[in-house]
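So this block is query18.cif, mmCIF, C-alpha atoms and all ligand atoms:
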```
data_input
#
loop_
_atom_site.label_atom_id
_atom_site.label_comp_id
_atom_site.auth_asym_id
_atom_site.auth_seq_id
_atom_site.Cartn_x
_atom_site.Cartn_y
_atom_site.Cartn_z
CA MET L 1 163.62 7.50 -54.83
CA TYR L 2 165.84 7.42 -57.70
CA SER L 3 166.93 8.12 -61.23
CA GLN L 4 170.02 6.90 -62.87
CA GLY L 5 172.33 7.02 -65.74
CA LEU L 6 170.04 4.43 -67.17
CA ASN L 7 168.92 7.53 -68.98
CA GLY L 8 170.78 6.21 -71.99
CA PRO L 9 171.54 8.08 -75.18
CA ALA L 10 169.61 11.21 -76.10
CA GLU L 11 167.28 10.54 -78.99
CA LYS L 12 168.29 11.74 -82.44
CA ASN L 13 166.39 14.59 -84.05
CA THR L 14 164.34 13.67 -87.04
CA ASP L 15 162.69 16.41 -89.05
CA ASP L 16 163.16 19.48 -86.92
CA SER L 17 164.56 22.36 -88.95
CA PRO L 18 167.96 23.85 -88.04
CA GLU L 19 166.27 27.22 -87.37
CA GLN L 20 163.82 25.69 -84.90
CA LEU L 21 166.61 23.78 -83.19
CA ALA L 22 168.77 26.90 -82.91
CA ALA L 23 165.90 28.94 -81.46
CA PHE L 24 165.20 26.19 -78.96
CA GLN L 25 168.85 25.94 -77.93
CA LYS L 26 168.89 29.69 -77.40
CA ARG L 27 166.04 29.38 -74.93
CA ILE L 28 167.84 26.55 -73.12
CA ASP L 29 171.09 28.52 -72.98
CA ALA L 30 169.20 31.45 -71.47
CA GLU L 31 168.04 29.07 -68.70
CA GLU L 32 164.41 29.41 -69.79
CA LYS L 33 162.15 26.57 -68.70
CA ILE L 34 160.35 24.62 -71.40
CA GLU L 35 156.66 24.03 -70.71
CA PRO L 36 154.38 21.30 -72.11
CA ARG L 37 152.79 23.24 -74.94
CA ASP L 38 156.01 24.92 -76.10
CA TRP L 39 157.68 23.80 -79.29
CA MET L 40 160.45 21.30 -78.58
CA PRO L 41 162.68 19.06 -80.72
CA SER L 42 161.25 15.58 -81.12
CA GLY L 43 164.49 14.18 -79.70
CA TYR L 44 164.13 16.31 -76.57
CA ARG L 45 160.58 15.05 -76.11
CA LYS L 46 161.52 11.41 -76.63
CA THR L 47 164.55 11.61 -74.35
CA LEU L 48 162.44 13.11 -71.58
CA ILE L 49 159.60 10.62 -72.00
CA ARG L 50 162.06 7.78 -71.65
CA GLN L 51 163.95 9.26 -68.72
CA ILE L 52 160.91 10.43 -66.73
CA SER L 53 158.94 7.23 -67.26
CA GLN L 54 161.93 5.10 -66.23
CA HIS L 55 162.33 7.30 -63.21
CA ALA L 56 158.63 6.78 -62.38
CA HIS L 57 158.90 3.01 -62.82
CA SER L 58 161.90 3.01 -60.48
CA GLU L 59 159.87 4.70 -57.75
CA VAL L 60 157.08 2.16 -58.11
CA VAL L 61 159.29 -0.95 -58.29
CA GLY L 62 161.39 0.53 -55.48
CA GLN L 63 158.51 -0.09 -53.10
CA LEU L 64 158.92 -3.86 -53.44
CA PRO L 65 162.26 -4.50 -51.67
CA GLU L 66 161.09 -2.42 -48.70
CA GLY L 67 157.57 -3.84 -48.75
CA ASN L 68 159.27 -7.13 -47.98
CA TRP L 69 159.93 -5.95 -44.40
CA VAL L 70 156.74 -4.10 -43.45
CA THR L 71 155.20 -7.03 -41.59
CA ARG L 72 158.53 -7.91 -39.96
CA ALA L 73 159.63 -4.46 -38.80
CA PRO L 74 161.16 -4.77 -35.31
CA THR L 75 158.87 -2.21 -33.65
CA LEU L 76 155.59 -0.45 -34.36
CA LYS L 77 157.51 2.84 -34.72
CA ARG L 78 159.78 1.39 -37.40
CA LYS L 79 156.79 -0.12 -39.16
CA LEU L 80 155.02 3.26 -39.33
CA ILE L 81 158.18 4.94 -40.62
CA LEU L 82 158.70 2.27 -43.27
CA LEU L 83 155.07 2.49 -44.38
CA ALA L 84 155.32 6.27 -44.66
CA LYS L 85 158.48 6.00 -46.73
CA ILE L 86 156.97 3.44 -49.08
CA GLN L 87 153.87 5.60 -49.47
CA ASP L 88 156.15 8.50 -50.41
CA GLU L 89 157.74 6.37 -53.13
CA ALA L 90 154.29 5.69 -54.59
CA GLY L 91 153.67 9.43 -54.54
CA HIS L 92 156.99 10.09 -56.27
CA GLY L 93 155.99 7.63 -58.97
CA LEU L 94 152.77 9.52 -59.46
CA TYR L 95 154.40 12.97 -59.69
CA LEU L 96 156.70 11.56 -62.34
CA TYR L 97 154.05 9.74 -64.36
CA SER L 98 152.09 13.01 -64.40
CA ALA L 99 155.16 14.91 -65.63
CA ALA L 100 155.72 12.35 -68.41
CA GLU L 101 152.07 12.55 -69.44
CA THR L 102 152.47 16.27 -70.19
CA LEU L 103 154.74 15.18 -73.06
CA GLY L 104 151.95 13.24 -74.73
CA VAL L 105 152.49 9.67 -73.56
CA SER L 106 149.57 7.96 -71.80
CA ARG L 107 149.76 6.41 -68.35
CA GLU L 108 148.40 3.19 -69.78
CA GLN L 109 151.20 3.04 -72.36
CA MET L 110 153.87 3.57 -69.70
CA ILE L 111 152.45 0.86 -67.44
CA ASP L 112 152.22 -1.52 -70.41
CA ASP L 113 155.87 -0.87 -71.23
CA LEU L 114 156.91 -1.60 -67.66
CA LEU L 115 154.87 -4.80 -67.41
CA SER L 116 155.99 -6.09 -70.80
CA GLY L 117 159.61 -5.60 -69.79
CA LYS L 118 160.20 -3.05 -72.54
CA ALA L 119 160.85 -0.15 -70.16
CA LYS L 120 163.76 -0.18 -67.74
CA TYR L 121 163.91 0.83 -64.11
CA SER L 122 166.83 1.33 -61.75
CA SER L 123 169.11 -1.69 -61.40
CA ILE L 124 169.31 -1.28 -57.62
CA PHE L 125 165.81 -2.67 -57.04
CA ASN L 126 166.75 -6.02 -58.46
CA TYR L 127 168.73 -6.89 -55.35
CA PRO L 128 167.08 -8.79 -52.49
CA THR L 129 166.50 -7.40 -48.98
CA LEU L 130 167.71 -10.22 -46.76
CA THR L 131 167.72 -8.69 -43.27
CA TRP L 132 166.23 -5.75 -41.40
CA ALA L 133 169.58 -3.95 -41.68
CA ASP L 134 168.90 -3.71 -45.42
CA MET L 135 166.15 -1.19 -44.60
CA GLY L 136 168.86 0.94 -43.04
CA ALA L 137 171.30 0.48 -45.90
CA ILE L 138 168.66 1.27 -48.53
CA GLY L 139 167.53 4.49 -46.87
CA TRP L 140 171.08 5.63 -46.21
CA LEU L 141 172.77 4.56 -49.46
CA VAL L 142 170.06 4.15 -52.10
CA ASP L 143 168.02 7.19 -51.14
CA GLY L 144 171.30 8.99 -50.51
CA ALA L 145 172.47 8.25 -54.05
CA ALA L 146 169.03 9.23 -55.34
CA ILE L 147 169.32 12.62 -53.64
CA MET L 148 172.71 13.27 -55.29
CA ASN L 149 171.11 12.49 -58.62
CA GLN L 150 167.85 14.32 -58.11
CA VAL L 151 169.05 17.60 -56.66
CA PRO L 152 170.53 18.73 -60.01
CA LEU L 153 167.36 17.50 -61.75
CA CYS L 154 165.43 20.19 -59.85
CA ARG L 155 167.10 22.58 -62.34
CA CYS L 156 166.23 20.47 -65.39
CA SER L 157 165.12 22.56 -68.38
CA TYR L 158 161.72 20.86 -68.60
CA GLY L 159 159.34 22.63 -66.20
CA PRO L 160 157.08 19.73 -65.12
CA TYR L 161 160.07 17.42 -64.48
CA SER L 162 161.89 20.09 -62.54
CA ARG L 163 158.81 20.81 -60.40
CA ALA L 164 158.25 17.11 -59.71
CA MET L 165 161.89 16.81 -58.63
CA ILE L 166 161.56 19.74 -56.24
CA ARG L 167 158.66 17.98 -54.51
CA VAL L 168 160.53 14.67 -54.45
CA CYS L 169 163.71 16.19 -53.03
CA LYS L 170 161.79 17.87 -50.22
CA GLU L 171 160.48 14.47 -49.16
CA GLU L 172 163.62 12.44 -49.78
CA SER L 173 165.70 13.73 -46.90
CA PHE L 174 163.55 11.90 -44.35
CA HIS L 175 164.16 8.66 -46.27
CA GLN L 176 167.90 8.95 -45.98
CA ARG L 177 167.90 10.08 -42.36
CA GLN L 178 165.62 7.29 -41.15
CA GLY L 179 167.89 4.80 -42.94
CA TYR L 180 171.01 6.17 -41.31
CA GLU L 181 169.27 6.06 -37.94
CA VAL L 182 168.50 2.36 -38.44
CA MET L 183 172.18 1.81 -39.26
CA LEU L 184 173.22 3.76 -36.15
CA LYS L 185 171.04 1.60 -33.92
CA MET L 186 172.28 -1.61 -35.51
CA ALA L 187 175.94 -0.57 -35.55
CA ASN L 188 175.75 0.28 -31.85
CA GLY L 189 173.65 -2.75 -30.94
CA SER L 190 174.56 -6.36 -30.17
CA PRO L 191 177.49 -8.01 -31.99
CA GLU L 192 174.94 -9.82 -34.13
CA GLN L 193 173.21 -6.55 -35.10
CA ARG L 194 176.56 -4.99 -35.86
CA ARG L 195 177.42 -7.91 -38.10
CA MET L 196 174.08 -7.48 -39.92
CA ALA L 197 174.76 -3.77 -40.45
CA GLN L 198 178.20 -4.50 -41.93
CA ASP L 199 176.74 -7.25 -44.11
CA ALA L 200 174.05 -4.87 -45.47
CA LEU L 201 176.71 -2.28 -46.29
CA ASN L 202 178.80 -4.95 -48.00
CA ARG L 203 175.93 -5.98 -50.23
CA PHE L 204 174.55 -2.51 -51.06
CA TRP L 205 177.71 -0.44 -51.46
CA TRP L 206 178.63 -1.42 -55.01
CA PRO L 207 175.07 -1.58 -56.37
CA ALA L 208 174.54 1.92 -54.90
CA LEU L 209 177.58 3.20 -56.81
CA MET L 210 176.20 1.62 -59.99
CA MET L 211 173.04 3.72 -59.59
CA PHE L 212 174.92 6.64 -61.14
CA GLY L 213 175.21 4.75 -64.41
CA PRO L 214 178.13 3.81 -66.62
CA SER L 215 181.49 5.51 -66.25
CA ASP L 216 181.90 8.73 -68.25
CA LYS L 217 184.42 7.08 -70.53
CA ASP L 218 181.75 4.58 -71.61
CA SER L 219 178.78 6.90 -71.66
CA ILE L 220 179.43 8.89 -74.79
CA HIS L 221 175.78 9.82 -75.16
CA SER L 222 175.24 12.23 -72.32
CA ALA L 223 176.59 15.26 -74.22
CA GLN L 224 173.21 15.99 -75.85
CA SER L 225 171.37 15.68 -72.53
CA MET L 226 173.87 18.09 -71.00
CA LYS L 227 173.43 20.51 -73.88
CA TRP L 228 169.66 20.43 -73.42
CA LYS L 229 170.16 20.87 -69.67
CA ILE L 230 168.22 17.73 -68.86
CA LYS L 231 171.36 16.58 -67.13
CA ARG L 232 173.76 18.91 -65.29
CA PHE L 233 176.58 16.68 -64.04
CA SER L 234 178.30 13.62 -65.45
CA ASN L 235 177.75 10.16 -63.94
CA ASP L 236 181.27 10.00 -62.52
CA ASP L 237 181.08 13.49 -60.98
CA LEU L 238 177.88 12.60 -59.15
CA ARG L 239 179.27 9.25 -58.08
CA GLN L 240 182.36 10.94 -56.64
CA LYS L 241 180.22 13.44 -54.74
CA PHE L 242 178.26 10.57 -53.26
CA ILE L 243 181.39 8.66 -52.22
CA ASP L 244 182.93 11.75 -50.64
CA ALA L 245 179.77 12.40 -48.63
CA THR L 246 179.20 8.79 -47.61
CA VAL L 247 182.62 7.48 -46.57
CA PRO L 248 182.83 9.65 -43.40
CA GLN L 249 179.26 8.59 -42.53
CA ALA L 250 180.34 4.93 -42.70
CA HIS L 251 183.34 5.69 -40.52
CA TYR L 252 181.10 7.33 -37.95
CA LEU L 253 179.12 4.10 -37.80
CA GLY L 254 182.38 2.23 -37.29
CA LEU L 255 181.67 0.17 -40.41
CA GLU L 256 184.03 -0.68 -43.19
CA ILE L 257 183.38 0.16 -46.84
CA PRO L 258 183.92 -3.05 -48.84
CA ASP L 259 186.54 -1.56 -51.14
CA PRO L 260 190.20 -2.35 -50.33
CA GLU L 261 191.35 0.33 -52.77
CA LEU L 262 189.38 3.10 -51.15
CA LYS L 263 191.69 5.82 -49.87
CA PHE L 264 191.70 9.55 -49.38
CA ASN L 265 193.64 11.45 -52.00
CA GLU L 266 195.30 14.42 -50.30
CA GLU L 267 195.99 16.08 -53.62
CA THR L 268 192.46 16.06 -55.04
CA GLY L 269 190.62 16.10 -51.73
CA HIS L 270 188.49 13.18 -52.93
CA TRP L 271 188.22 9.51 -52.02
CA ASP L 272 189.76 7.29 -54.70
CA HIS L 273 187.89 4.04 -55.17
CA GLY L 274 188.33 0.64 -56.80
CA GLU L 275 186.94 -0.41 -60.16
CA ILE L 276 183.20 -1.08 -60.34
CA ASN L 277 182.10 -4.46 -61.67
CA TRP L 278 180.43 -3.18 -64.83
CA ASP L 279 179.74 -6.67 -66.00
CA GLU L 280 177.38 -7.11 -63.06
CA PHE L 281 175.73 -3.77 -63.83
CA TYR L 282 175.02 -4.69 -67.47
CA GLN L 283 173.79 -8.13 -66.43
CA VAL L 284 171.27 -6.60 -64.03
CA ILE L 285 170.16 -4.02 -66.62
CA ALA L 286 169.71 -6.84 -69.13
CA GLY L 287 167.28 -8.56 -66.77
CA ASN L 288 169.58 -11.07 -65.14
CA GLY L 289 169.92 -9.60 -61.64
CA PRO L 290 168.96 -11.62 -58.57
CA CYS L 291 165.36 -10.34 -58.46
CA ASN L 292 164.45 -8.99 -61.93
CA ARG L 293 161.89 -11.69 -62.64
CA GLU L 294 160.42 -11.55 -59.16
CA ARG L 295 159.96 -7.76 -59.31
CA LEU L 296 158.19 -7.79 -62.66
CA ALA L 297 156.05 -10.75 -61.64
CA ALA L 298 154.98 -8.84 -58.51
CA ARG L 299 154.04 -5.76 -60.57
CA ARG L 300 152.07 -7.86 -63.07
CA ARG L 301 150.27 -9.68 -60.28
CA ALA L 302 149.34 -6.39 -58.60
CA HIS L 303 148.12 -4.93 -61.89
CA GLU L 304 145.98 -7.95 -62.71
CA ALA L 305 144.64 -8.33 -59.18
CA GLY L 306 143.60 -4.67 -59.22
CA ALA L 307 141.78 -4.86 -62.54
CA TRP L 308 138.39 -5.49 -60.97
CA VAL L 309 138.80 -2.44 -58.73
CA ARG L 310 139.51 -0.18 -61.71
CA GLU L 311 136.52 -1.63 -63.55
CA ALA L 312 134.30 -1.23 -60.51
CA VAL L 313 135.10 2.45 -59.92
CA LEU L 314 134.47 3.26 -63.57
CA ALA L 315 131.19 1.30 -63.57
CA SER L 316 130.10 3.02 -60.38
CA GLN L 317 130.97 6.41 -61.83
CA GLN L 318 128.86 5.67 -64.94
CA LYS L 319 125.95 4.54 -62.78
CA HIS L 320 125.98 7.70 -60.67
CA LYS L 321 126.43 9.99 -63.62
CA GLN L 322 123.40 8.80 -65.57
CA PRO L 323 120.52 9.87 -63.33
CA ARG L 324 122.04 13.32 -62.94
CA GLU L 325 122.26 13.80 -66.67
CA VAL L 326 118.68 12.66 -67.14
CA ALA L 327 117.47 15.09 -64.49
CA MET J 1 141.45 -0.82 -70.16
CA ALA J 2 141.37 2.90 -70.89
CA ASP J 3 142.89 5.41 -68.51
CA MET J 4 140.57 7.12 -66.09
CA PRO J 5 140.10 10.83 -66.79
CA LEU J 6 142.93 13.21 -65.91
CA TRP J 7 142.38 15.86 -63.22
CA GLU J 8 144.41 18.95 -62.36
CA VAL J 9 144.99 19.50 -58.66
CA PHE J 10 145.10 22.91 -56.94
CA ILE J 11 146.01 23.31 -53.28
CA ARG J 12 145.63 26.21 -50.89
CA ASN J 13 148.58 26.07 -48.48
CA GLN J 14 146.88 28.15 -45.84
CA ASN J 15 143.96 30.46 -45.60
CA GLY J 16 144.73 33.82 -47.15
CA LEU J 17 146.71 32.33 -50.05
CA HIS J 18 145.60 31.42 -53.56
CA HIS J 19 145.02 27.84 -54.59
CA LYS J 20 148.08 26.84 -56.60
CA HIS J 21 148.44 24.20 -59.28
CA VAL J 22 150.51 21.28 -57.92
CA GLY J 23 150.11 18.51 -60.48
CA SER J 24 147.63 16.05 -61.86
CA LEU J 25 146.26 12.55 -61.35
CA HIS J 26 143.82 10.06 -62.81
CA ALA J 27 140.52 9.29 -61.12
CA ALA J 28 137.11 7.96 -62.08
CA ASP J 29 135.17 10.85 -60.57
CA GLU J 30 135.53 14.00 -58.48
CA LYS J 31 135.24 12.17 -55.17
CA MET J 32 138.07 9.80 -56.02
CA ALA J 33 140.09 12.68 -57.46
CA LEU J 34 139.79 14.63 -54.20
CA GLN J 35 140.72 11.63 -52.07
CA ASN J 36 143.71 10.78 -54.24
CA ALA J 37 144.83 14.41 -54.28
CA ARG J 38 144.70 14.41 -50.48
CA ASP J 39 146.85 11.25 -50.31
CA VAL J 40 149.32 12.27 -52.97
CA TYR J 41 149.75 16.01 -52.52
CA THR J 42 149.09 16.74 -48.85
CA ARG J 43 150.96 14.03 -46.93
CA ARG J 44 152.87 16.69 -44.97
CA LYS J 45 150.19 19.22 -44.19
CA GLU J 46 150.76 21.11 -47.44
CA GLY J 47 147.14 22.14 -47.68
CA VAL J 48 143.95 23.31 -46.05
CA SER J 49 141.84 23.11 -49.19
CA ILE J 50 141.92 21.18 -52.47
CA TRP J 51 140.35 21.91 -55.84
CA VAL J 52 140.26 19.32 -58.60
CA VAL J 53 139.29 20.19 -62.17
CA GLU J 54 139.01 17.69 -64.96
CA SER J 55 141.87 18.55 -67.31
CA ARG J 56 139.63 18.66 -70.37
CA HIS J 57 137.88 21.68 -68.84
CA VAL J 58 141.06 23.74 -68.75
CA HIS J 59 141.43 26.00 -71.78
CA ALA J 60 144.85 27.47 -72.36
CA SER J 61 146.42 30.16 -74.50
CA ASP J 62 148.79 28.86 -77.16
CA PRO J 63 152.48 29.50 -76.41
CA GLN J 64 153.00 30.05 -80.17
CA ASP J 65 150.78 33.11 -79.86
CA LYS J 66 152.69 34.48 -76.90
CA ALA J 67 153.66 37.64 -78.78
CA VAL J 68 150.14 38.43 -79.94
CA TRP J 69 148.72 37.88 -76.49
CA PHE J 70 151.24 39.55 -74.27
CA GLU J 71 153.13 42.07 -76.37
CA PRO J 72 150.48 44.79 -76.00
CA ALA J 73 151.57 45.10 -72.36
CA ASP J 74 155.23 45.69 -73.27
CA ASP J 75 154.98 49.33 -74.40
CA LYS J 76 152.65 50.58 -71.70
CA ILE J 77 155.19 51.57 -69.13
CA TYR J 78 152.84 54.36 -68.00
CA ARG J 79 150.86 51.63 -66.23
CA HIS J 80 153.64 51.42 -63.65
CA PRO J 81 154.07 53.91 -60.80
CA THR J 82 157.79 54.38 -61.53
CA PHE J 83 156.91 56.01 -64.86
CA TYR J 84 155.98 59.23 -63.07
CA ASP J 85 158.61 61.79 -62.09
CA LEU J 86 157.76 63.51 -58.86
CA PRO J 87 159.96 65.88 -56.82
CA ASP J 88 161.70 64.36 -53.77
CA GLU J 89 160.19 66.99 -51.50
CA VAL J 90 156.75 65.58 -52.02
CA LYS J 91 156.21 62.88 -49.38
CA ASN J 92 153.81 60.01 -48.86
CA ILE J 93 152.98 59.47 -52.49
FE FE L 401 163.07 7.80 -51.36
#
```
Could I get this structure in the form of structure tokens?
Ligand SMILES: [Fe+2]
Amino acid sequence: MYSQGLNGPAEKNTDDSPEQLAAFQKRIDAEEKIEPRDWMPSGYRKTLIRQISQHAHSEVVGQLPEGNWVTRAPTLKRKLILLAKIQDEAGHGLYLYSAAETLGVSREQMIDDLLSGKAKYSSIFNYPTLTWADMGAIGWLVDGAAIMNQVPLCRCSYGPYSRAMIRVCKEESFHQRQGYEVMLKMANGSPEQRRMAQDALNRFWWPALMMFGPSDKDSIHSAQSMKWKIKRFSNDDLRQKFIDATVPQAHYLGLEIPDPELKFNEETGHWDHGEINWDEFYQVIAGNGPCNRERLAARRRAHEAGAWVREAVLASQQKHKQPREVA
Amino acid sequence: MADMPLWEVFIRNQNGLHHKHVGSLHAADEKMALQNARDVYTRRKEGVSIWVVESRHVHASDPQDKAVWFEPADDKIYRHPTFYDLPDEVKNI
């Protein structure tokens, strides 16, 4: 579903020689893809491991806010759609974990880092889903923001990440469209449904904008990621693209974007927007969002409750293997 | 608990095409690997056939040796049909 400017600073190089680094940069500049067994700077490897694993964690944790509404979906059709979307998110997590593993980190290590709270995931999933309209707002805005972010990642210099992103992007469009359709139904429904749709937009608009990460003026670290072509656009550029695409969609719904300063700039052709509450963003990243503890507790519970299943399949595999080897 | 073994997944999109590598996954055995591959990589009818191979059985050439392995093909342009100069009057060749 998502990746964000949680990416953080690119890791510093340690003992890679200037010649190796120059040769590597030449390959990057020539738009060559880097594959798992190719030589790469240790900083490139570390930056990718962190970014891809955080992206994977975000997909997995992202299932929780939507899982909250599976049993309360208004119709069987909506329930099937929601289940299919959530299943896709699990799949996206898996594509990404696999891509990260090609860099030499184990799945077990990544899961441990998520469960211990060491690894981050997207801030957006630490907000609660209070009404059914939130399923609409998430698909439309959160998956919409994710698409803006992920499309350029399809051209990332690291082959396995780029290929995983191509798969993800192919599947993501359905997520956004089903969300917008939910919003359409609600916005054109009863006054109460309309009020719920507006309320969902009010709550998810700003957190969705925060998904693109800190403002460019405060994110001094993305230069290296740009140079390595892990990242292709700055946080603010992507955020602006998202706003420009989304504002007319909100107007079509007859809903109001909760930003009094939002207005179309005739000169630039873009929508100018109000200041984002960065304090809130850093609070959520630091673990103090409305649902951080609940999300991690749910992941830990699921991991522990599934332990016996993992043990059982391995035991069963051992049991079936033995007679064959004897024979 | 240790990770389950890693498997590489290959999918044939439709009959007549090669199986193509699509990614990997962890599974205890081949049966579980096939089922997981079905659920993860063919949710939208992407395949008519799946192969899974335990990753440890895949042997690969070393990218460091790329030159040694693949350079011999560079100077053999006579292996390509365009190397041969034939008169325009000659047809169907
Ligand atoms: Fe999604």
> By how many Å are CA of Ile243 in chain L and CA of Ala145 in chain L apart?
Replying inline: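 The value is 9.1 Å.
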> Mind pulling up the distance from CA of Phe212 in chain L to CA of Ser122 in chain L?
Replying inline: 9.7 Å
Could you list, as a PDB file with C-alpha atoms, in the frame of the given file, all the residues within 12 Å of ligand FE 401 (chain L), counting only C-alpha atoms and all ligand atoms?
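Dumped everything to part_10.pdb:
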```pdb
ATOM      1  CA  MET L   1     163.620   7.500 -54.830  1.00  0.00           C
ATOM      2  CA  TYR L   2     165.840   7.420 -57.700  1.00  0.00           C
ATOM      3  CA  SER L   3     166.930   8.120 -61.230  1.00  0.00           C
ATOM      4  CA  HIS L  55     162.330   7.300 -63.210  1.00  0.00           C
ATOM      5  CA  ALA L  56     158.630   6.780 -62.380  1.00  0.00           C
ATOM      6  CA  SER L  58     161.900   3.010 -60.480  1.00  0.00           C
ATOM      7  CA  GLU L  59     159.870   4.700 -57.750  1.00  0.00           C
ATOM      8  CA  VAL L  60     157.080   2.160 -58.110  1.00  0.00           C
ATOM      9  CA  VAL L  61     159.290  -0.950 -58.290  1.00  0.00           C
ATOM     10  CA  GLY L  62     161.390   0.530 -55.480  1.00  0.00           C
ATOM     11  CA  GLN L  63     158.510  -0.090 -53.100  1.00  0.00           C
ATOM     12  CA  GLU L  66     161.090  -2.420 -48.700  1.00  0.00           C
ATOM     13  CA  LEU L  82     158.700   2.270 -43.270  1.00  0.00           C
ATOM     14  CA  LEU L  83     155.070   2.490 -44.380  1.00  0.00           C
ATOM     15  CA  ALA L  84     155.320   6.270 -44.660  1.00  0.00           C
ATOM     16  CA  LYS L  85     158.480   6.000 -46.730  1.00  0.00           C
ATOM     17  CA  ILE L  86     156.970   3.440 -49.080  1.00  0.00           C
ATOM     18  CA  GLN L  87     153.870   5.600 -49.470  1.00  0.00           C
ATOM     19  CA  ASP L  88     156.150   8.500 -50.410  1.00  0.00           C
ATOM     20  CA  GLU L  89     157.740   6.370 -53.130  1.00  0.00           C
ATOM     21  CA  ALA L  90     154.290   5.690 -54.590  1.00  0.00           C
ATOM     22  CA  GLY L  91     153.670   9.430 -54.540  1.00  0.00           C
ATOM     23  CA  HIS L  92     156.990  10.090 -56.270  1.00  0.00           C
ATOM     24  CA  GLY L  93     155.990   7.630 -58.970  1.00  0.00           C
ATOM     25  CA  MET L 135     166.150  -1.190 -44.600  1.00  0.00           C
ATOM     26  CA  ILE L 138     168.660   1.270 -48.530  1.00  0.00           C
ATOM     27  CA  GLY L 139     167.530   4.490 -46.870  1.00  0.00           C
ATOM     28  CA  TRP L 140     171.080   5.630 -46.210  1.00  0.00           C
ATOM     29  CA  LEU L 141     172.770   4.560 -49.460  1.00  0.00           C
ATOM     30  CA  VAL L 142     170.060   4.150 -52.100  1.00  0.00           C
ATOM     31  CA  ASP L 143     168.020   7.190 -51.140  1.00  0.00           C
ATOM     32  CA  GLY L 144     171.300   8.990 -50.510  1.00  0.00           C
ATOM     33  CA  ALA L 145     172.470   8.250 -54.050  1.00  0.00           C
ATOM     34  CA  ALA L 146     169.030   9.230 -55.340  1.00  0.00           C
ATOM     35  CA  ILE L 147     169.320  12.620 -53.640  1.00  0.00           C
ATOM     36  CA  MET L 148     172.710  13.270 -55.290  1.00  0.00           C
ATOM     37  CA  ASN L 149     171.110  12.490 -58.620  1.00  0.00           C
ATOM     38  CA  GLN L 150     167.850  14.320 -58.110  1.00  0.00           C
ATOM     39  CA  MET L 165     161.890  16.810 -58.630  1.00  0.00           C
ATOM     40  CA  ARG L 167     158.660  17.980 -54.510  1.00  0.00           C
ATOM     41  CA  VAL L 168     160.530  14.670 -54.450  1.00  0.00           C
ATOM     42  CA  CYS L 169     163.710  16.190 -53.030  1.00  0.00           C
ATOM     43  CA  LYS L 170     161.790  17.870 -50.220  1.00  0.00           C
ATOM     44  CA  GLU L 171     160.480  14.470 -49.160  1.00  0.00           C
ATOM     45  CA  GLU L 172     163.620  12.440 -49.780  1.00  0.00           C
ATOM     46  CA  SER L 173     165.700  13.730 -46.900  1.00  0.00           C
ATOM     47  CA  PHE L 174     163.550  11.900 -44.350  1.00  0.00           C
ATOM     48  CA  HIS L 175     164.160   8.660 -46.270  1.00  0.00           C
ATOM     49  CA  GLN L 176     167.900   8.950 -45.980  1.00  0.00           C
ATOM     50  CA  ARG L 177     167.900  10.080 -42.360  1.00  0.00           C
ATOM     51  CA  GLN L 178     165.620   7.290 -41.150  1.00  0.00           C
ATOM     52  CA  GLY L 179     167.890   4.800 -42.940  1.00  0.00           C
TER      53      GLY L 179
END
```
Quick check: residues of chain J within 7 Å of chain L, all atoms listed in the file, returned as a PDB file with C-alpha atoms, keeping the file's coordinate frame.
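Wrote result34.pdb, looks like this:
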```
ATOM      1  CA  ASP J   3     142.890   5.410 -68.510  1.00  0.00           C
ATOM      2  CA  SER J  24     147.630  16.050 -61.860  1.00  0.00           C
ATOM      3  CA  LEU J  25     146.260  12.550 -61.350  1.00  0.00           C
ATOM      4  CA  ALA J  28     137.110   7.960 -62.080  1.00  0.00           C
ATOM      5  CA  ASP J  29     135.170  10.850 -60.570  1.00  0.00           C
ATOM      6  CA  VAL J  40     149.320  12.270 -52.970  1.00  0.00           C
ATOM      7  CA  PRO J  63     152.480  29.500 -76.410  1.00  0.00           C
TER       8      PRO J  63
END
```
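The list of residues with at least one atom within 12 Å of Ala250 in chain L, based on all atoms listed in the file and without residues fewer than 6 positions apart in the same chain, reads Ala137, Trp140, Leu141, Tyr180, Met183, Leu184, Ala187, Ala197, Gln198, Ala200, Leu201, Asn202, Trp205, Ile243, Asp244, Glu256, Ile257 and Pro258 of chain L.
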Atoms kept (C-alpha atoms) for selection, written as a JSON list (two decimals), keeping the file's coordinate frame:
```json
[["chain", "number", "residue", "atom", "x", "y", "z"],
["L", 137, "ALA", "CA", 171.30, 0.48, -45.90],
["L", 140, "TRP", "CA", 171.08, 5.63, -46.21],
["L", 141, "LEU", "CA", 172.77, 4.56, -49.46],
["L", 180, "TYR", "CA", 171.01, 6.17, -41.31],
["L", 183, "MET", "CA", 172.18, 1.81, -39.26],
["L", 184, "LEU", "CA", 173.22, 3.76, -36.15],
["L", 187, "ALA", "CA", 175.94, -0.57, -35.55],
["L", 197, "ALA", "CA", 174.76, -3.77, -40.45],
["L", 198, "GLN", "CA", 178.20, -4.50, -41.93],
["L", 200, "ALA", "CA", 174.05, -4.87, -45.47],
["L", 201, "LEU", "CA", 176.71, -2.28, -46.29],
["L", 202, "ASN", "CA", 178.80, -4.95, -48.00],
["L", 205, "TRP", "CA", 177.71, -0.44, -51.46],
["L", 243, "ILE", "CA", 181.39, 8.66, -52.22],
["L", 244, "ASP", "CA", 182.93, 11.75, -50.64],
["L", 256, "GLU", "CA", 184.03, -0.68, -43.19],
["L", 257, "ILE", "CA", 183.38, 0.16, -46.84],
["L", 258, "PRO", "CA", 183.92, -3.05, -48.84]]
```
